file protein-v9.txt (compact mmCIF, C-alpha atoms and all ligand atoms)
# COMPACT_ATOMS: atom_id res chain seq x y z
CA MET A 1051 81.26 68.51 145.23
CA ALA A 1052 80.31 71.45 143.07
CA ASP A 1053 81.35 71.25 139.41
CA ARG A 1054 84.01 73.69 138.50
CA ILE A 1055 83.85 74.58 134.85
CA ALA A 1056 86.48 76.69 133.18
CA ALA A 1057 84.87 79.77 131.71
CA ARG A 1058 86.50 81.53 128.77
CA ARG A 1059 87.11 85.20 129.49
CA SER A 1060 88.18 87.85 127.01
CA ALA A 1061 91.54 89.46 127.71
CA LEU A 1062 89.69 92.76 127.45
CA GLU A 1063 87.28 91.91 130.26
CA GLY A 1064 87.43 94.48 133.01
CA LEU A 1065 89.47 96.94 130.94
CA ALA A 1066 88.05 100.43 130.37
CA LEU A 1067 88.38 101.07 126.63
CA PRO A 1068 89.29 104.72 126.00
CA SER A 1069 86.93 107.00 124.15
CA SER A 1070 86.89 110.73 123.66
CA ALA A 1071 84.00 112.44 121.90
CA GLY A 1072 85.02 114.09 118.64
CA LEU A 1073 88.49 112.51 118.70
CA ALA A 1074 88.53 108.74 118.68
CA SER A 1075 87.15 105.67 120.40
CA VAL A 1076 88.41 102.16 121.05
CA THR A 1077 85.91 99.30 121.07
CA ASP A 1078 86.10 95.53 121.35
CA VAL A 1079 85.79 93.60 118.07
CA GLY A 1080 84.05 90.89 120.07
CA VAL A 1081 84.22 87.20 119.27
CA ALA A 1082 86.26 86.13 116.28
CA ALA A 1083 87.87 83.02 114.88
CA ARG A 1084 91.38 83.47 113.53
CA PHE A 1085 93.62 81.24 111.48
CA LEU A 1086 97.15 81.77 110.33
CA TYR A 1087 97.58 80.18 106.93
CA ARG A 1088 100.83 79.57 105.09
CA GLY A 1089 100.80 77.94 101.70
CA ALA A 1090 99.49 78.45 98.19
CA PRO A 1091 96.64 81.00 98.16
CA GLU A 1092 94.41 79.05 95.76
CA LEU A 1093 94.17 76.04 98.08
CA VAL A 1094 91.84 77.69 100.61
CA ALA A 1095 90.11 80.52 98.70
CA GLY A 1096 87.31 78.23 97.53
CA VAL A 1097 86.24 76.84 100.90
CA PHE A 1098 86.86 80.10 102.73
CA GLY A 1099 84.78 82.05 100.24
CA VAL A 1100 87.15 84.99 99.98
CA GLU A 1101 89.99 85.33 97.50
CA LEU A 1102 93.41 85.53 99.22
CA PRO A 1103 95.08 88.82 98.22
CA THR A 1104 98.42 88.33 96.50
CA THR A 1105 99.13 92.06 96.38
CA PRO A 1106 101.28 92.86 99.42
CA LEU A 1107 99.60 94.60 102.39
CA ARG A 1108 96.06 94.17 101.15
CA ALA A 1109 92.98 92.64 102.76
CA ASN A 1110 89.89 91.17 101.12
CA ALA A 1111 86.64 91.12 103.08
CA ARG A 1112 83.29 89.60 102.23
CA LEU A 1113 80.29 89.30 104.54
CA GLU A 1114 81.71 88.33 107.93
CA ARG A 1115 84.98 86.93 106.63
CA ALA A 1116 88.26 88.59 105.81
CA VAL A 1117 91.72 87.60 104.62
CA LEU A 1118 94.69 89.78 105.43
CA TRP A 1119 98.03 89.52 103.57
CA LEU A 1120 100.78 89.27 106.19
CA GLY A 1121 103.66 87.95 104.07
CA PRO A 1122 104.38 86.50 100.61
CA ASP A 1123 102.93 83.12 101.63
CA GLU A 1124 101.19 84.04 104.86
CA TRP A 1125 97.63 85.20 105.51
CA LEU A 1126 95.41 85.88 108.51
CA LEU A 1127 91.90 84.48 108.05
CA LEU A 1128 89.20 86.11 110.19
CA THR A 1129 85.59 85.22 110.80
CA ALA A 1130 83.08 86.67 113.23
CA LYS A 1131 82.33 83.39 115.00
CA ALA A 1132 83.55 82.59 118.50
CA ASP A 1133 84.78 79.16 117.61
CA ASP A 1134 84.81 78.19 113.98
CA SER A 1135 85.53 74.49 114.37
CA THR A 1136 83.47 73.71 111.25
CA LEU A 1137 85.67 76.01 109.18
CA SER A 1138 88.74 74.59 110.87
CA ALA A 1139 87.75 71.06 109.88
CA THR A 1140 86.87 72.09 106.32
CA LEU A 1141 90.17 73.87 105.84
CA SER A 1142 92.11 70.97 107.35
CA ASN A 1143 90.42 68.62 104.90
CA VAL A 1144 91.33 70.57 101.78
CA LEU A 1145 94.89 71.02 103.03
CA HIS A 1146 95.42 67.37 103.92
CA GLY A 1147 98.64 66.13 102.32
CA LYS A 1148 99.44 69.56 100.89
CA PRO A 1149 102.58 71.58 101.74
CA ALA A 1150 100.71 74.12 103.85
CA SER A 1151 100.25 75.15 107.45
CA LEU A 1152 97.07 76.18 109.23
CA VAL A 1153 97.11 77.30 112.87
CA ASP A 1154 94.02 78.22 114.85
CA ILE A 1155 95.01 81.38 116.74
CA SER A 1156 91.46 82.43 117.66
CA HIS A 1157 92.25 82.86 121.32
CA ARG A 1158 95.84 84.00 120.97
CA GLN A 1159 94.89 87.57 120.20
CA VAL A 1160 92.09 90.07 120.61
CA GLY A 1161 90.63 92.59 118.21
CA LEU A 1162 90.10 96.29 118.79
CA VAL A 1163 88.27 98.76 116.57
CA VAL A 1164 89.84 102.20 116.70
CA SER A 1165 87.75 104.87 115.06
CA GLY A 1166 87.19 108.60 114.89
CA PRO A 1167 88.27 111.81 113.17
CA ARG A 1168 91.66 111.82 114.95
CA VAL A 1169 92.34 108.11 114.61
CA GLU A 1170 95.62 108.54 112.69
CA ALA A 1171 97.03 110.87 115.36
CA LEU A 1172 95.99 108.43 118.07
CA LEU A 1173 97.69 105.45 116.42
CA ASN A 1174 100.75 107.49 115.41
CA ALA A 1175 101.45 108.00 119.10
CA GLY A 1176 102.91 104.49 118.96
CA CYS A 1177 102.92 103.40 115.31
CA PRO A 1178 105.68 104.83 113.09
CA LEU A 1179 103.88 104.23 109.77
CA ASN A 1180 102.47 107.02 107.62
CA LEU A 1181 98.73 106.54 108.15
CA ASP A 1182 97.59 109.22 105.73
CA VAL A 1183 94.75 107.72 103.70
CA ALA A 1184 96.70 108.36 100.48
CA VAL A 1185 99.58 106.17 101.73
CA PHE A 1186 97.63 103.73 103.93
CA PRO A 1187 94.29 103.44 102.10
CA VAL A 1188 91.13 101.57 103.07
CA GLY A 1189 91.78 97.85 102.65
CA MET A 1190 95.47 98.08 103.51
CA CYS A 1191 96.78 95.90 106.32
CA THR A 1192 100.13 95.04 107.81
CA ARG A 1193 101.92 93.70 110.81
CA THR A 1194 103.61 96.61 112.56
CA ILE A 1195 104.26 97.94 116.04
CA LEU A 1196 102.27 99.99 118.52
CA ALA A 1197 104.83 101.31 121.00
CA LYS A 1198 106.37 98.09 122.40
CA ALA A 1199 103.67 95.72 121.14
CA GLU A 1200 103.49 93.97 117.79
CA ILE A 1201 100.08 94.39 116.17
CA VAL A 1202 98.26 93.74 112.92
CA LEU A 1203 96.75 96.97 111.64
CA TRP A 1204 93.94 96.99 109.04
CA ARG A 1205 92.16 100.07 107.73
CA THR A 1206 88.53 99.07 107.30
CA ALA A 1207 87.17 102.58 106.59
CA GLY A 1208 88.49 106.11 106.17
CA ASP A 1209 88.36 106.80 109.91
CA THR A 1210 88.42 103.22 111.23
CA PHE A 1211 91.17 100.68 111.86
CA ARG A 1212 91.08 97.20 113.30
CA ILE A 1213 93.96 96.19 115.54
CA GLU A 1214 94.79 92.58 116.31
CA VAL A 1215 97.08 92.22 119.30
CA ALA A 1216 98.28 89.28 121.37
CA ARG A 1217 96.02 88.77 124.39
CA SER A 1218 98.97 89.13 126.77
CA PHE A 1219 99.65 92.56 125.27
CA ALA A 1220 95.99 93.68 125.30
CA PRO A 1221 96.11 95.50 128.67
CA TYR A 1222 99.29 97.26 127.54
CA ALA A 1223 97.84 98.27 124.16
CA VAL A 1224 94.65 99.57 125.78
CA ALA A 1225 96.59 101.51 128.42
CA PHE A 1226 98.84 102.95 125.73
CA LEU A 1227 95.86 104.10 123.63
CA ASP A 1228 94.28 105.60 126.76
CA GLU A 1229 97.45 107.60 127.41
CA ALA A 1230 97.67 108.60 123.75
CA MET A 1231 94.06 109.78 123.83
CA HIS A 1232 95.10 112.42 126.36
CA GLY A 1233 97.92 113.44 124.04
CA ILE A 1234 95.66 114.24 121.08
CA ALA A 1235 93.00 116.05 123.10
CA MET B 362 115.44 106.54 112.10
CA LEU B 363 116.31 104.72 108.88
CA LEU B 364 113.62 104.02 106.35
CA ILE B 365 114.20 100.61 104.80
CA THR B 366 112.38 99.44 101.69
CA CYS B 367 111.22 95.87 102.24
CA PRO B 368 111.36 94.00 98.90
CA TYR B 369 108.40 91.84 99.94
CA CYS B 370 106.14 94.61 101.28
CA ARG B 371 107.46 96.84 98.47
CA MET B 372 107.43 99.97 100.56
CA ALA B 373 109.71 101.98 102.81
CA ARG B 374 109.21 101.07 106.44
CA PRO B 375 110.66 102.34 109.72
CA GLU B 376 113.84 100.73 111.02
CA SER B 377 112.14 99.76 114.29
CA GLU B 378 110.20 97.06 112.42
CA PHE B 379 113.46 95.36 111.35
CA HIS B 380 116.20 93.25 112.85
CA TYR B 381 119.74 93.18 111.51
CA GLY B 382 120.94 89.78 110.34
CA GLY B 383 124.69 90.08 109.67
CA GLU B 384 126.67 89.79 106.47
CA ALA B 385 124.81 88.46 103.42
CA HIS B 386 125.89 85.81 100.92
CA VAL B 387 127.94 83.78 103.41
CA ALA B 388 127.62 80.34 101.85
CA ARG B 389 127.65 77.28 104.09
CA PRO B 390 130.11 74.68 102.76
CA ALA B 391 128.14 72.05 100.85
CA GLU B 392 129.99 69.21 102.57
CA PRO B 393 131.08 70.33 106.03
CA ALA B 394 132.82 66.99 106.68
CA ASN B 395 135.20 67.64 103.78
CA VAL B 396 136.45 71.10 104.74
CA SER B 397 139.42 71.87 106.95
CA ASP B 398 139.03 73.35 110.42
CA ALA B 399 140.38 76.63 109.08
CA GLU B 400 137.80 76.72 106.28
CA TRP B 401 135.01 75.89 108.70
CA ALA B 402 136.18 78.54 111.16
CA ALA B 403 136.31 81.05 108.30
CA TYR B 404 132.69 80.21 107.41
CA LEU B 405 131.54 80.42 111.03
CA TYR B 406 133.42 83.42 112.32
CA MET B 407 135.21 85.50 109.72
CA ARG B 408 133.29 88.47 108.34
CA ALA B 409 134.35 91.32 106.06
CA ASN B 410 133.18 94.14 108.35
CA PRO B 411 134.05 96.84 105.78
CA LYS B 412 134.10 100.57 106.28
CA GLY B 413 131.85 101.45 103.36
CA VAL B 414 129.51 99.45 101.15
CA HIS B 415 128.32 96.20 102.71
CA ALA B 416 125.80 93.55 101.65
CA GLU B 417 123.89 92.37 104.70
CA ARG B 418 120.84 90.48 105.80
CA TRP B 419 117.86 92.13 107.45
CA ARG B 420 114.60 90.70 108.66
CA HIS B 421 111.29 92.55 108.52
CA ILE B 422 110.37 90.91 111.78
CA HIS B 423 107.51 93.22 112.79
CA GLY B 424 106.15 93.28 109.23
CA CYS B 425 106.03 90.47 106.69
CA GLY B 426 108.51 88.48 108.79
CA ARG B 427 110.85 87.78 105.85
CA PHE B 428 114.62 87.87 105.60
CA PHE B 429 116.02 89.89 102.68
CA ASN B 430 119.31 91.53 101.73
CA ALA B 431 120.36 95.16 101.73
CA VAL B 432 123.43 96.96 100.43
CA ARG B 433 124.28 99.64 102.98
CA ASN B 434 127.09 102.11 103.34
CA THR B 435 128.34 101.53 106.88
CA VAL B 436 129.78 105.05 107.04
CA SER B 437 126.78 107.12 105.94
CA ASP B 438 124.12 104.48 106.83
CA GLU B 439 122.65 105.05 103.38
CA ILE B 440 120.83 101.99 102.09
CA LEU B 441 121.72 101.69 98.40
CA ALA B 442 119.54 98.70 97.48
CA THR B 443 117.35 96.01 98.99
CA TYR B 444 116.53 92.71 97.31
CA GLU B 445 114.88 89.39 98.06
CA ALA B 446 116.69 86.57 99.82
CA GLY B 447 118.26 84.20 97.30
CA MET B 448 118.97 86.90 94.74
CA SER B 449 122.57 87.79 93.97
CA ARG B 450 124.07 91.09 94.99
CA PRO B 451 123.06 93.81 92.51
CA ASP B 452 125.74 95.66 90.56
CA LEU B 453 125.41 99.28 91.61
CA GLY B 454 128.11 100.34 89.15
CA ASP B 455 130.39 101.51 91.96
CA GLY B 456 132.89 98.66 91.77
CA THR B 457 131.77 97.13 95.07
CA LYS B 458 129.73 94.21 93.71
CA ASP B 459 132.56 91.69 94.10
CA ALA B 460 133.90 93.18 97.31
CA ARG B 461 133.50 91.27 100.52
ZN ZN A 1301 108.16 93.29 104.64
call {"tool": "encode", "arguments": {"input": "protein-v9.txt", "output": "structure tokens"}}
result
Amino acid sequence: MADRIAARRSALEGLALPSSAGLASVTDVGVAARFLYRGAPELVAGVFGVELPTTPLRANARLERAVLWLGPDEWLLLTAKADDSTLSATLSNVLHGKPASLVDISHRQVGLVVSGPRVEALLNAGCPLNLDVAVFPVGMCTRTILAKAEIVLWRTAGDTFRIEVARSFAPYAVAFLDEAMHGIA
Amino acid sequence: MLLITCPYCRMARPESEFHYGGEAHVARPAEPANVSDAEWAAYLYMRANPKGVHAERWRHIHGCGRFFNAVRNTVSDEILATYEAGMSRPDLGDGTKDAR
């Protein structure tokens, strides 16, 4: 009998990511490990290697790791590895016995990079926040909504945002951005 | 659309990111076994529902996720103040602080 091995597929597999020259493009962040951390910020900063921002709505990034403020005691930790079980174990060790919570959500959501000169207009088709760079500067992040989907939005550069969206909502978010791309053309 | 200032995010955010949470400062009796049925029913079901200034709970569910309190005029929909959960109702100098 042939072995049947479960293969892990990205929720974005088979989806055409919209792109329009001179306006904006949507690309796949690729593999990432993600952890939702709730607890005191100083407990994990040392082993994670990035200070946890205590200023609301701010992200700190260093090398291939980033920490996004989501709430007063809640952060999203991101790394660029497919499966960061080493990090997971290290974090679990330092948190052992402490009043904190760490959940590996690596495969719960997918990341999209949305970039281009009209990126604010594209996102504003479904996101009600003021995305002007003076109000939503580089390094700002927040949970918000994109049409009917909840997302995490992080401005990584003047014309670039990273979106984190639940994998079950990924086809919807991509289809919505595709539709919106026609609207800003 | 209302713009609501979240006291945790410390910025005005669109109403569609929030959920309404009912009247604020409704204290659960410390010892439920020692209150009368009428007192328990009053805690569970009776709300002020004023026409005018009202302290109420909101949750920034599609944002920081936190519950907080807002003082809102139910006639004009104007939000007069927002403050963190656990804080007492602010005195806005309009004589409504002790209203229910
Ligand atoms: Zn908030």
call {"tool": "closest_atom_pairs", "arguments": {"input": "protein-v9.txt", "of": "chain B", "to": "chain A", "cutoff": "6 Å", "atoms": "only C-alpha atoms", "output": "Markdown table"}}
result
| residue | atom | partner | partner_atom | distance |
| --- | --- | --- | --- | --- |
| B:Cys370 | CA | A:Pro1106 | CA | 5.5 |
| B:His423 | CA | A:Thr1194 | CA | 5.2 |
| B:Gly424 | CA | A:Arg1193 | CA | 4.5 |
| B:Cys425 | CA | A:Gly1121 | CA | 4.3 |
call {"tool": "atom_distance", "arguments": {"input": "protein-v9.txt", "atom1": "atom CA of A:Leu1067", "atom2": "atom CA of A:Ala1175"}}
result
16.6 Å
call {"tool": "closest_residue", "arguments": {"input": "protein-v9.txt", "among": "B:Arg433, B:His386, B:His415, B:Arg374", "to": "ligand ZN 1301 (chain A)", "atoms": "all atoms listed in the file"}}
result
B:Arg374
call {"tool": "residues_around", "arguments": {"input": "protein-v9.txt", "residues": "A:Val1183", "least_positions_apart": "6", "cutoff": "10 Å", "atoms": "all atoms listed in the file", "output": "VMD selection string"}}
result
chain A and resid 1170 1190 1205 1207 to 1209
call {"tool": "residues_around", "arguments": {"input": "protein-v9.txt", "residues": "A:Leu1102", "least_positions_apart": "3", "cutoff": "10 Å", "atoms": "all atoms listed in the file", "output": "NGL selection string"}}
result
:A and (1090-1096 or 1098-1099 or 1105 or 1108-1111 or 1116-1119 or 1124-1127)
call {"tool": "atom_distance", "arguments": {"input": "protein-v9.txt", "atom1": "atom CA of A:Pro1068", "atom2": "atom CA of A:Ala1197"}}
result
16.7 Å
call {"tool": "atom_distance", "arguments": {"input": "protein-v9.txt", "atom1": "atom CA of B:Leu441", "atom2": "atom CA of B:Asp455"}}
result
10.8 Å
call {"tool": "closest_residue", "arguments": {"input": "protein-v9.txt", "among": "A:Ile1234, A:Ile1213, A:Leu1145, A:Cys1191", "to": "ligand ZN 1301 (chain A)", "atoms": "all atoms listed in the file"}}
result
A:Cys1191
call {"tool": "build_atoms", "arguments": {"input": "protein-v9.txt", "residues": "stretch 1173-1184 of chain A", "atoms": "all heavy atoms", "output": "PDB file, in the coordinates of the input"}}
result
ATOM      1  N   LEU A1173      96.845 106.615 116.688  1.00  0.00           N
ATOM      2  CA  LEU A1173      97.690 105.450 116.420  1.00  0.00           C
ATOM      3  C   LEU A1173      99.149 105.864 116.234  1.00  0.00           C
ATOM      4  O   LEU A1173     100.066 105.139 116.625  1.00  0.00           O
ATOM      5  CB  LEU A1173      97.190 104.713 115.170  1.00  0.00           C
ATOM      6  CG  LEU A1173      95.829 104.043 115.337  1.00  0.00           C
ATOM      7  CD1 LEU A1173      95.308 103.562 113.990  1.00  0.00           C
ATOM      8  CD2 LEU A1173      95.919 102.871 116.316  1.00  0.00           C
ATOM      9  N   ASN A1174      99.374 107.029 115.639  1.00  0.00           N
ATOM     10  CA  ASN A1174     100.750 107.490 115.410  1.00  0.00           C
ATOM     11  C   ASN A1174     101.478 107.816 116.715  1.00  0.00           C
ATOM     12  O   ASN A1174     102.696 108.017 116.702  1.00  0.00           O
ATOM     13  CB  ASN A1174     100.780 108.679 114.456  1.00  0.00           C
ATOM     14  CG  ASN A1174     100.790 108.253 112.996  1.00  0.00           C
ATOM     15  OD1 ASN A1174     100.279 108.947 112.139  1.00  0.00           O
ATOM     16  ND2 ASN A1174     101.371 107.098 112.695  1.00  0.00           N
ATOM     17  N   ALA A1175     100.769 107.850 117.822  1.00  0.00           N
ATOM     18  CA  ALA A1175     101.450 108.000 119.100  1.00  0.00           C
ATOM     19  C   ALA A1175     102.393 106.813 119.344  1.00  0.00           C
ATOM     20  O   ALA A1175     103.396 106.941 120.051  1.00  0.00           O
ATOM     21  CB  ALA A1175     100.441 108.107 120.236  1.00  0.00           C
ATOM     22  N   GLY A1176     102.071 105.661 118.735  1.00  0.00           N
ATOM     23  CA  GLY A1176     102.910 104.490 118.960  1.00  0.00           C
ATOM     24  C   GLY A1176     103.246 103.719 117.700  1.00  0.00           C
ATOM     25  O   GLY A1176     104.008 102.770 117.741  1.00  0.00           O
ATOM     26  N   CYS A1177     102.674 104.117 116.570  1.00  0.00           N
ATOM     27  CA  CYS A1177     102.920 103.400 115.310  1.00  0.00           C
ATOM     28  C   CYS A1177     103.656 104.323 114.355  1.00  0.00           C
ATOM     29  O   CYS A1177     103.172 105.398 114.029  1.00  0.00           O
ATOM     30  CB  CYS A1177     101.593 102.944 114.702  1.00  0.00           C
ATOM     31  SG  CYS A1177     101.818 102.162 113.088  1.00  0.00           S
ATOM     32  N   PRO A1178     104.853 103.929 113.899  1.00  0.00           N
ATOM     33  CA  PRO A1178     105.680 104.830 113.090  1.00  0.00           C
ATOM     34  C   PRO A1178     105.304 104.895 111.608  1.00  0.00           C
ATOM     35  O   PRO A1178     105.972 105.565 110.842  1.00  0.00           O
ATOM     36  CB  PRO A1178     107.088 104.251 113.269  1.00  0.00           C
ATOM     37  CG  PRO A1178     106.854 102.803 113.513  1.00  0.00           C
ATOM     38  CD  PRO A1178     105.539 102.667 114.212  1.00  0.00           C
ATOM     39  N   LEU A1179     104.237 104.209 111.188  1.00  0.00           N
ATOM     40  CA  LEU A1179     103.880 104.230 109.770  1.00  0.00           C
ATOM     41  C   LEU A1179     103.152 105.522 109.407  1.00  0.00           C
ATOM     42  O   LEU A1179     102.500 106.141 110.246  1.00  0.00           O
ATOM     43  CB  LEU A1179     102.956 103.048 109.440  1.00  0.00           C
ATOM     44  CG  LEU A1179     103.526 101.647 109.604  1.00  0.00           C
ATOM     45  CD1 LEU A1179     102.480 100.619 109.197  1.00  0.00           C
ATOM     46  CD2 LEU A1179     104.784 101.484 108.777  1.00  0.00           C
ATOM     47  N   ASN A1180     103.254 105.902 108.136  1.00  0.00           N
ATOM     48  CA  ASN A1180     102.470 107.020 107.620  1.00  0.00           C
ATOM     49  C   ASN A1180     101.039 106.522 107.410  1.00  0.00           C
ATOM     50  O   ASN A1180     100.790 105.681 106.553  1.00  0.00           O
ATOM     51  CB  ASN A1180     103.083 107.499 106.300  1.00  0.00           C
ATOM     52  CG  ASN A1180     102.373 108.724 105.756  1.00  0.00           C
ATOM     53  OD1 ASN A1180     101.300 109.094 106.228  1.00  0.00           O
ATOM     54  ND2 ASN A1180     102.970 109.351 104.764  1.00  0.00           N
ATOM     55  N   LEU A1181     100.104 107.025 108.198  1.00  0.00           N
ATOM     56  CA  LEU A1181      98.730 106.540 108.150  1.00  0.00           C
ATOM     57  C   LEU A1181      97.815 107.445 107.334  1.00  0.00           C
ATOM     58  O   LEU A1181      96.592 107.267 107.343  1.00  0.00           O
ATOM     59  CB  LEU A1181      98.176 106.356 109.576  1.00  0.00           C
ATOM     60  CG  LEU A1181      98.940 105.337 110.436  1.00  0.00           C
ATOM     61  CD1 LEU A1181      98.331 105.256 111.833  1.00  0.00           C
ATOM     62  CD2 LEU A1181      98.941 103.955 109.775  1.00  0.00           C
ATOM     63  N   ASP A1182      98.395 108.393 106.618  1.00  0.00           N
ATOM     64  CA  ASP A1182      97.590 109.220 105.730  1.00  0.00           C
ATOM     65  C   ASP A1182      96.834 108.307 104.764  1.00  0.00           C
ATOM     66  O   ASP A1182      97.399 107.339 104.256  1.00  0.00           O
ATOM     67  CB  ASP A1182      98.505 110.191 104.959  1.00  0.00           C
ATOM     68  CG  ASP A1182      97.695 111.202 104.163  1.00  0.00           C
ATOM     69  OD1 ASP A1182      97.124 110.826 103.100  1.00  0.00           O
ATOM     70  OD2 ASP A1182      97.625 112.359 104.602  1.00  0.00           O
ATOM     71  N   VAL A1183      95.590 108.626 104.502  1.00  0.00           N
ATOM     72  CA  VAL A1183      94.750 107.720 103.700  1.00  0.00           C
ATOM     73  C   VAL A1183      95.295 107.539 102.282  1.00  0.00           C
ATOM     74  O   VAL A1183      95.032 106.526 101.621  1.00  0.00           O
ATOM     75  CB  VAL A1183      93.273 108.194 103.719  1.00  0.00           C
ATOM     76  CG1 VAL A1183      93.076 109.410 102.823  1.00  0.00           C
ATOM     77  CG2 VAL A1183      92.328 107.050 103.358  1.00  0.00           C
ATOM     78  N   ALA A1184      96.098 108.491 101.811  1.00  0.00           N
ATOM     79  CA  ALA A1184      96.700 108.360 100.480  1.00  0.00           C
ATOM     80  C   ALA A1184      97.816 107.319 100.478  1.00  0.00           C
ATOM     81  O   ALA A1184      98.102 106.701  99.449  1.00  0.00           O
ATOM     82  CB  ALA A1184      97.243 109.710 100.018  1.00  0.00           C
TER      83      ALA A1184
END
